[in-house]
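Here the structure is laid out as structure tokens; the discussion comes afterwards.
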Amino acid sequence: MDPFDAGAGGLLKQPKSVWATAGASVVAFTGIGLVDPILPSIAQGLHATASQVSLLFTSYFLITAVAMLVTGFVSSRIGGRKTLLLGLAFVVVFAGLAGTSGSVGELVGFRAGWGLGNALFVSTALAVIVGAAAGGSAAAILLYESALGLGMACGPLLGALLGDASWRYPFFGTAFLMAVGFLCIAVFLKEQPKPARKTSLLDPVKALGHGGLASAAVSAFFYNYTFFTVLAFTPFVLNMSPYRSGAVFFAWGVLLAVFSVIVAPRLQKRFGSLKVLGGSLVLLAADVLVLGYGDHTTAVVCTVLSGAFIGVNNTVYTELALGVSDAPRPVASAGYNFVRWFAAAAAPYFAPKIEEWTDPHIPFVVAAVTAVVGALVVVVRRKALAHEAEELEPKHATEDGVAVFAN
């Protein structure tokens, strides 16, 4: 079936509940890159250093990592709809409070609460979309991945448009949009059946005892350090106005979405998942190294281009994590994300610190090295990953309605 077919069960013929959840997902994913173009403005407005402002990412993703052990526990007990609404309520409250911050410490704290809400929401959204979608999971997954890519692309753009007037406005804007999403889900989404088996807090950790899943998580940990060095540190290096920075990261997000949804599956089919992943990691390493040592124009081009490699990596890592072990996919996804999001928390903090200790080039050298280490893990542990990688198809990301918040 063509998922774009407007007939019954096609992408364009879905219940209102699916569109409500997908629309809220777009806004949820904007929160990741929302602060990118306004980081310098926040630093100036709150009289803070780059390393202090970068803690906005660190607190957000540190809480997200830990919350991965909690989301399955919560949703398997109160149900998907209530978990979505709880997550959205957290985001509305803490995004709104973030806009009232009078210090970096307050803003970092509110951003942490935002991260908890976002983790609860996005870790449940795909399961809800698949459960409520008409005509099977293919169209539902495509809709979810499209929402993810659109959100990642629009986050910096929204941050730039609202942040040009004040760095506070993007936070208020997000709170308003998520409030609309809360109302749409409350009205249009009916409660779905709870899982037959309740998930414990330790299930995701136990799943990491599988060598293949642990290998995918460790490799993704090093890759995520590179990813979030680009996302959180590059705005300070580019030192552009919110509009210009937002445009750069919008283009970055568009490439990420296109290569994640369209290009990566075709490359996998032709070359195999592990070759594609290893090659893309090495190319990303080369890209960030040139970014760090090139002139301003080169840095802009390399920042945008990195979105292509990041999009490919996200897709392959997600499929490996979901298919390489015999653990239930929601549990495997939680364990995998628990490990890799710690790197997303570390990179925004250490990159500006490394610059303070050395010079602006070295953070990108470190990011290039971590991408290569991620590739080396794939090569060294290829036997643990290879069997499943050879059989992987996009459907693996759709079964069981697992939330992949891996992109």
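How things are named: the first chain in the structure tokens is A, the next is B, and so on; residues count from 1 in each chain; ligands count from 1 in the order shown.
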Write out as a tab-separated table a residue-level contact list of segment 41-115 of chain A versus segment 349-352 of chain A with cut-off 8 Å: for each qualifying residue the closest pair of atoms and the distance in Å to one decimal, counting only C-alpha atoms, rows sorted by chain and residue number upward.
```
residue	atom	partner	partner_atom	distance
A:Ala50	CA	A:Pro352	CA	6.3
A:Ser51	CA	A:Pro352	CA	5.1
A:Gln52	CA	A:Tyr349	CA	7.8
A:Ser54	CA	A:Tyr349	CA	5.8
A:Leu55	CA	A:Tyr349	CA	6.0
A:Thr58	CA	A:Tyr349	CA	6.4
```
Could you write those residues out with N, CA, C and O atoms, as a compact mmCIF listing (two decimals), in the first residue's frame?
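Final file, selection-v7.txt:
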```
# COMPACT_ATOMS: atom_id res chain seq x y z
N ALA A 50 28.94 31.41 27.74
CA ALA A 50 28.46 30.38 26.82
C ALA A 50 28.28 29.04 27.54
O ALA A 50 27.30 28.32 27.30
N SER A 51 29.22 28.69 28.41
CA SER A 51 29.11 27.42 29.11
C SER A 51 27.92 27.40 30.07
O SER A 51 27.27 26.35 30.23
N GLN A 52 27.60 28.53 30.66
CA GLN A 52 26.44 28.59 31.55
C GLN A 52 25.13 28.43 30.77
O GLN A 52 24.23 27.69 31.18
N SER A 54 24.75 27.00 27.88
CA SER A 54 24.68 25.67 27.30
C SER A 54 24.10 24.65 28.26
O SER A 54 23.69 23.56 27.84
N LEU A 55 24.05 24.99 29.54
CA LEU A 55 23.42 24.10 30.51
C LEU A 55 21.92 23.93 30.23
O LEU A 55 21.29 23.02 30.77
N THR A 58 22.06 20.74 28.67
CA THR A 58 22.52 19.71 29.60
C THR A 58 21.41 19.29 30.56
O THR A 58 21.16 18.09 30.76
```
Write out as a PDB file with all heavy atoms, in the first residue's frame each polymer residue whose atoms come within 9 Å of Ile310 of chain A, counting only C-alpha atoms; drop sequence neighbours fewer than 2 positions from it.
```pdb
ATOM      1  N   PHE A 227      26.887  15.021  17.638  1.00  0.00           N
ATOM      2  CA  PHE A 227      25.618  15.610  17.222  1.00  0.00           C
ATOM      3  C   PHE A 227      25.332  16.886  18.024  1.00  0.00           C
ATOM      4  O   PHE A 227      25.043  17.959  17.459  1.00  0.00           O
ATOM      5  CB  PHE A 227      24.521  14.562  17.427  1.00  0.00           C
ATOM      6  CG  PHE A 227      23.106  14.986  17.117  1.00  0.00           C
ATOM      7  CD1 PHE A 227      22.074  14.068  17.257  1.00  0.00           C
ATOM      8  CD2 PHE A 227      22.775  16.261  16.695  1.00  0.00           C
ATOM      9  CE1 PHE A 227      20.754  14.417  16.987  1.00  0.00           C
ATOM     10  CE2 PHE A 227      21.461  16.630  16.421  1.00  0.00           C
ATOM     11  CZ  PHE A 227      20.455  15.707  16.579  1.00  0.00           C
ATOM     12  N   LEU A 255      17.532  19.159   5.897  1.00  0.00           N
ATOM     13  CA  LEU A 255      18.395  18.066   5.447  1.00  0.00           C
ATOM     14  C   LEU A 255      18.275  16.858   6.366  1.00  0.00           C
ATOM     15  O   LEU A 255      18.232  15.712   5.917  1.00  0.00           O
ATOM     16  CB  LEU A 255      19.850  18.521   5.388  1.00  0.00           C
ATOM     17  CG  LEU A 255      20.333  19.220   4.115  1.00  0.00           C
ATOM     18  CD1 LEU A 255      21.838  19.426   4.159  1.00  0.00           C
ATOM     19  CD2 LEU A 255      19.952  18.433   2.866  1.00  0.00           C
ATOM     20  N   LEU A 256      18.220  17.099   7.663  1.00  0.00           N
ATOM     21  CA  LEU A 256      18.075  16.010   8.620  1.00  0.00           C
ATOM     22  C   LEU A 256      16.800  15.214   8.332  1.00  0.00           C
ATOM     23  O   LEU A 256      16.822  13.976   8.298  1.00  0.00           O
ATOM     24  CB  LEU A 256      18.049  16.579  10.035  1.00  0.00           C
ATOM     25  CG  LEU A 256      18.047  15.596  11.207  1.00  0.00           C
ATOM     26  CD1 LEU A 256      18.672  16.258  12.446  1.00  0.00           C
ATOM     27  CD2 LEU A 256      16.630  15.132  11.570  1.00  0.00           C
ATOM     28  N   PHE A 259      17.039  13.276   4.789  1.00  0.00           N
ATOM     29  CA  PHE A 259      17.960  12.137   4.795  1.00  0.00           C
ATOM     30  C   PHE A 259      17.514  11.058   5.778  1.00  0.00           C
ATOM     31  O   PHE A 259      17.803   9.876   5.565  1.00  0.00           O
ATOM     32  CB  PHE A 259      19.382  12.614   5.119  1.00  0.00           C
ATOM     33  CG  PHE A 259      20.132  13.086   3.912  1.00  0.00           C
ATOM     34  CD1 PHE A 259      19.832  14.306   3.329  1.00  0.00           C
ATOM     35  CD2 PHE A 259      21.115  12.300   3.327  1.00  0.00           C
ATOM     36  CE1 PHE A 259      20.507  14.756   2.198  1.00  0.00           C
ATOM     37  CE2 PHE A 259      21.791  12.733   2.194  1.00  0.00           C
ATOM     38  CZ  PHE A 259      21.493  13.959   1.625  1.00  0.00           C
ATOM     39  N   SER A 260      16.808  11.429   6.820  1.00  0.00           N
ATOM     40  CA  SER A 260      16.320  10.447   7.776  1.00  0.00           C
ATOM     41  C   SER A 260      15.170   9.625   7.209  1.00  0.00           C
ATOM     42  O   SER A 260      15.141   8.401   7.319  1.00  0.00           O
ATOM     43  CB  SER A 260      15.872  11.158   9.053  1.00  0.00           C
ATOM     44  OG  SER A 260      15.316  10.249   9.977  1.00  0.00           O
ATOM     45  N   SER A 280      28.827   7.056   7.255  1.00  0.00           N
ATOM     46  CA  SER A 280      28.218   8.333   7.610  1.00  0.00           C
ATOM     47  C   SER A 280      28.891   8.951   8.839  1.00  0.00           C
ATOM     48  O   SER A 280      29.074  10.171   8.909  1.00  0.00           O
ATOM     49  CB  SER A 280      26.718   8.140   7.871  1.00  0.00           C
ATOM     50  OG  SER A 280      26.090   9.363   8.165  1.00  0.00           O
ATOM     51  N   LEU A 281      29.288   8.127   9.786  1.00  0.00           N
ATOM     52  CA  LEU A 281      29.986   8.633  10.971  1.00  0.00           C
ATOM     53  C   LEU A 281      31.340   9.226  10.607  1.00  0.00           C
ATOM     54  O   LEU A 281      31.735  10.277  11.129  1.00  0.00           O
ATOM     55  CB  LEU A 281      30.156   7.513  12.001  1.00  0.00           C
ATOM     56  CG  LEU A 281      28.896   7.114  12.780  1.00  0.00           C
ATOM     57  CD1 LEU A 281      29.135   5.822  13.551  1.00  0.00           C
ATOM     58  CD2 LEU A 281      28.462   8.226  13.728  1.00  0.00           C
ATOM     59  N   LEU A 284      30.740  12.502   8.905  1.00  0.00           N
ATOM     60  CA  LEU A 284      30.358  13.516   9.896  1.00  0.00           C
ATOM     61  C   LEU A 284      31.593  14.025  10.632  1.00  0.00           C
ATOM     62  O   LEU A 284      31.724  15.227  10.892  1.00  0.00           O
ATOM     63  CB  LEU A 284      29.358  12.924  10.882  1.00  0.00           C
ATOM     64  CG  LEU A 284      28.906  13.850  12.021  1.00  0.00           C
ATOM     65  CD1 LEU A 284      28.205  15.095  11.477  1.00  0.00           C
ATOM     66  CD2 LEU A 284      27.979  13.107  12.999  1.00  0.00           C
ATOM     67  N   SER A 306      25.987  18.931   7.921  1.00  0.00           N
ATOM     68  CA  SER A 306      25.979  17.921   8.981  1.00  0.00           C
ATOM     69  C   SER A 306      24.588  17.340   9.207  1.00  0.00           C
ATOM     70  O   SER A 306      24.446  16.200   9.659  1.00  0.00           O
ATOM     71  CB  SER A 306      26.512  18.530  10.291  1.00  0.00           C
ATOM     72  OG  SER A 306      25.594  19.468  10.834  1.00  0.00           O
ATOM     73  N   GLY A 307      23.547  18.102   8.870  1.00  0.00           N
ATOM     74  CA  GLY A 307      22.193  17.595   9.016  1.00  0.00           C
ATOM     75  C   GLY A 307      21.944  16.342   8.190  1.00  0.00           C
ATOM     76  O   GLY A 307      21.187  15.456   8.614  1.00  0.00           O
ATOM     77  N   ALA A 308      22.582  16.240   7.030  1.00  0.00           N
ATOM     78  CA  ALA A 308      22.413  15.060   6.187  1.00  0.00           C
ATOM     79  C   ALA A 308      22.978  13.821   6.872  1.00  0.00           C
ATOM     80  O   ALA A 308      22.323  12.764   6.937  1.00  0.00           O
ATOM     81  CB  ALA A 308      23.103  15.289   4.841  1.00  0.00           C
ATOM     82  N   VAL A 312      20.888  10.437   8.506  1.00  0.00           N
ATOM     83  CA  VAL A 312      21.181   9.038   8.181  1.00  0.00           C
ATOM     84  C   VAL A 312      21.497   8.253   9.447  1.00  0.00           C
ATOM     85  O   VAL A 312      20.974   7.157   9.680  1.00  0.00           O
ATOM     86  CB  VAL A 312      22.351   8.952   7.181  1.00  0.00           C
ATOM     87  CG1 VAL A 312      22.817   7.503   7.023  1.00  0.00           C
ATOM     88  CG2 VAL A 312      21.935   9.520   5.831  1.00  0.00           C
ATOM     89  N   ASN A 313      22.363   8.815  10.279  1.00  0.00           N
ATOM     90  CA  ASN A 313      22.758   8.118  11.505  1.00  0.00           C
ATOM     91  C   ASN A 313      21.566   7.852  12.411  1.00  0.00           C
ATOM     92  O   ASN A 313      21.431   6.755  12.984  1.00  0.00           O
ATOM     93  CB  ASN A 313      23.800   8.944  12.263  1.00  0.00           C
ATOM     94  CG  ASN A 313      25.113   9.045  11.519  1.00  0.00           C
ATOM     95  OD1 ASN A 313      25.439   8.213  10.689  1.00  0.00           O
ATOM     96  ND2 ASN A 313      25.882  10.085  11.802  1.00  0.00           N
ATOM     97  N   ASN A 314      20.697   8.839  12.565  1.00  0.00           N
ATOM     98  CA  ASN A 314      19.540   8.673  13.447  1.00  0.00           C
ATOM     99  C   ASN A 314      18.687   7.488  13.037  1.00  0.00           C
ATOM    100  O   ASN A 314      18.269   6.676  13.866  1.00  0.00           O
ATOM    101  CB  ASN A 314      18.691   9.942  13.437  1.00  0.00           C
ATOM    102  CG  ASN A 314      19.327  11.069  14.216  1.00  0.00           C
ATOM    103  OD1 ASN A 314      20.273  10.872  14.974  1.00  0.00           O
ATOM    104  ND2 ASN A 314      18.816  12.273  14.035  1.00  0.00           N
ATOM    105  N   THR A 315      18.416   7.384  11.747  1.00  0.00           N
ATOM    106  CA  THR A 315      17.565   6.301  11.261  1.00  0.00           C
ATOM    107  C   THR A 315      18.204   4.939  11.481  1.00  0.00           C
ATOM    108  O   THR A 315      17.562   4.003  11.978  1.00  0.00           O
ATOM    109  CB  THR A 315      17.270   6.505   9.765  1.00  0.00           C
ATOM    110  OG1 THR A 315      16.471   7.678   9.605  1.00  0.00           O
ATOM    111  CG2 THR A 315      16.511   5.316   9.193  1.00  0.00           C
ATOM    112  N   ASN A 407      15.664  10.055  17.303  1.00  0.00           N
ATOM    113  CA  ASN A 407      16.087  10.955  16.246  1.00  0.00           C
ATOM    114  C   ASN A 407      16.350  12.321  16.801  1.00  0.00           C
ATOM    115  O   ASN A 407      15.528  13.153  16.847  1.00  0.00           O
ATOM    116  CB  ASN A 407      15.024  11.011  15.156  1.00  0.00           C
ATOM    117  CG  ASN A 407      14.929   9.705  14.432  1.00  0.00           C
ATOM    118  OD1 ASN A 407      15.925   9.220  13.922  1.00  0.00           O
ATOM    119  ND2 ASN A 407      13.774   9.110  14.366  1.00  0.00           N
TER     120      ASN A 407
END
```
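Candidate residues A:Ser325, A:Val108, A:Ile42, A:Leu177 were compared for distance to Leu62 of chain A, and the nearest is A:Val108, using only C-alpha atoms.
Note that the spacing between atom CA of Gly79 of chain A and atom CA of Gly31 of chain A amounts to 24.0 Å.
By only C-alpha atoms, and with residues fewer than 5 positions from Ala207 of chain A along its chain excluded, the set lying at most 9 Å from it is Leu202, Leu213, Ala214, Ser325, Asp326, Ala327, Pro328, Val331, Ala332, Gly335 and Tyr336 of chain A.
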Inset, instruction - Please provide as number ranges by chain all residues within 7 Å of Val288 of chain A, with the sequence filter that same-chain residues fewer than 5 positions apart are discarded (counting only C-alpha atoms). - result: A: 302, 364, 368
Compile a residue-level contact table for segment 273-387 of chain A against segment 230-244 of chain A at a cut-off of 12 Å, reporting for every qualifying residue the shortest atom pair and its distance in Å to one decimal, with only C-alpha atoms counted, rows ordered by chain and ascending number, as CSV.
```
residue,atom,partner,partner_atom,distance
A:Leu284,CA,A:Val230,CA,10.4
A:Ala285,CA,A:Val230,CA,11.0
A:Asp287,CA,A:Val230,CA,10.4
A:Val288,CA,A:Val230,CA,7.6
A:Leu289,CA,A:Val230,CA,10.9
A:Leu291,CA,A:Thr234,CA,9.0
A:Gly292,CA,A:Val237,CA,8.6
A:Tyr293,CA,A:Val237,CA,10.9
A:Gly294,CA,A:Val237,CA,11.1
A:Asp295,CA,A:Leu238,CA,9.8
A:His296,CA,A:Leu238,CA,6.8
A:Thr297,CA,A:Leu238,CA,9.2
A:Thr298,CA,A:Leu238,CA,10.3
A:Ala299,CA,A:Leu238,CA,7.3
A:Val300,CA,A:Leu238,CA,7.2
A:Val301,CA,A:Leu238,CA,11.0
A:Cys302,CA,A:Val230,CA,9.8
A:Thr303,CA,A:Val230,CA,7.1
A:Val304,CA,A:Val230,CA,9.9
A:Leu305,CA,A:Val230,CA,11.0
A:Ser306,CA,A:Val230,CA,8.1
A:Gly307,CA,A:Val230,CA,9.5
A:Phe309,CA,A:Val230,CA,11.9
A:Ile310,CA,A:Val230,CA,10.1
A:Ala344,CA,A:Ala232,CA,9.4
A:Ala345,CA,A:Ala232,CA,10.2
A:Ala346,CA,A:Ala232,CA,10.7
A:Ala347,CA,A:Ala232,CA,7.9
A:Pro348,CA,A:Ala232,CA,5.4
A:Tyr349,CA,A:Ala232,CA,8.9
A:Phe350,CA,A:Phe233,CA,9.5
A:Ala351,CA,A:Phe233,CA,6.4
A:Pro352,CA,A:Phe233,CA,6.8
A:Lys353,CA,A:Phe233,CA,10.4
A:Ile354,CA,A:Phe233,CA,10.8
A:Glu355,CA,A:Phe233,CA,9.9
A:Asp359,CA,A:Val237,CA,11.2
A:Pro360,CA,A:Val237,CA,7.5
A:His361,CA,A:Val237,CA,9.5
A:Ile362,CA,A:Phe233,CA,11.8
A:Pro363,CA,A:Phe233,CA,8.6
A:Phe364,CA,A:Val230,CA,8.3
A:Val365,CA,A:Val230,CA,11.7
A:Val366,CA,A:Val230,CA,11.5
A:Ala367,CA,A:Val230,CA,8.4
A:Ala368,CA,A:Val230,CA,10.5
A:Ala371,CA,A:Val230,CA,11.8
```
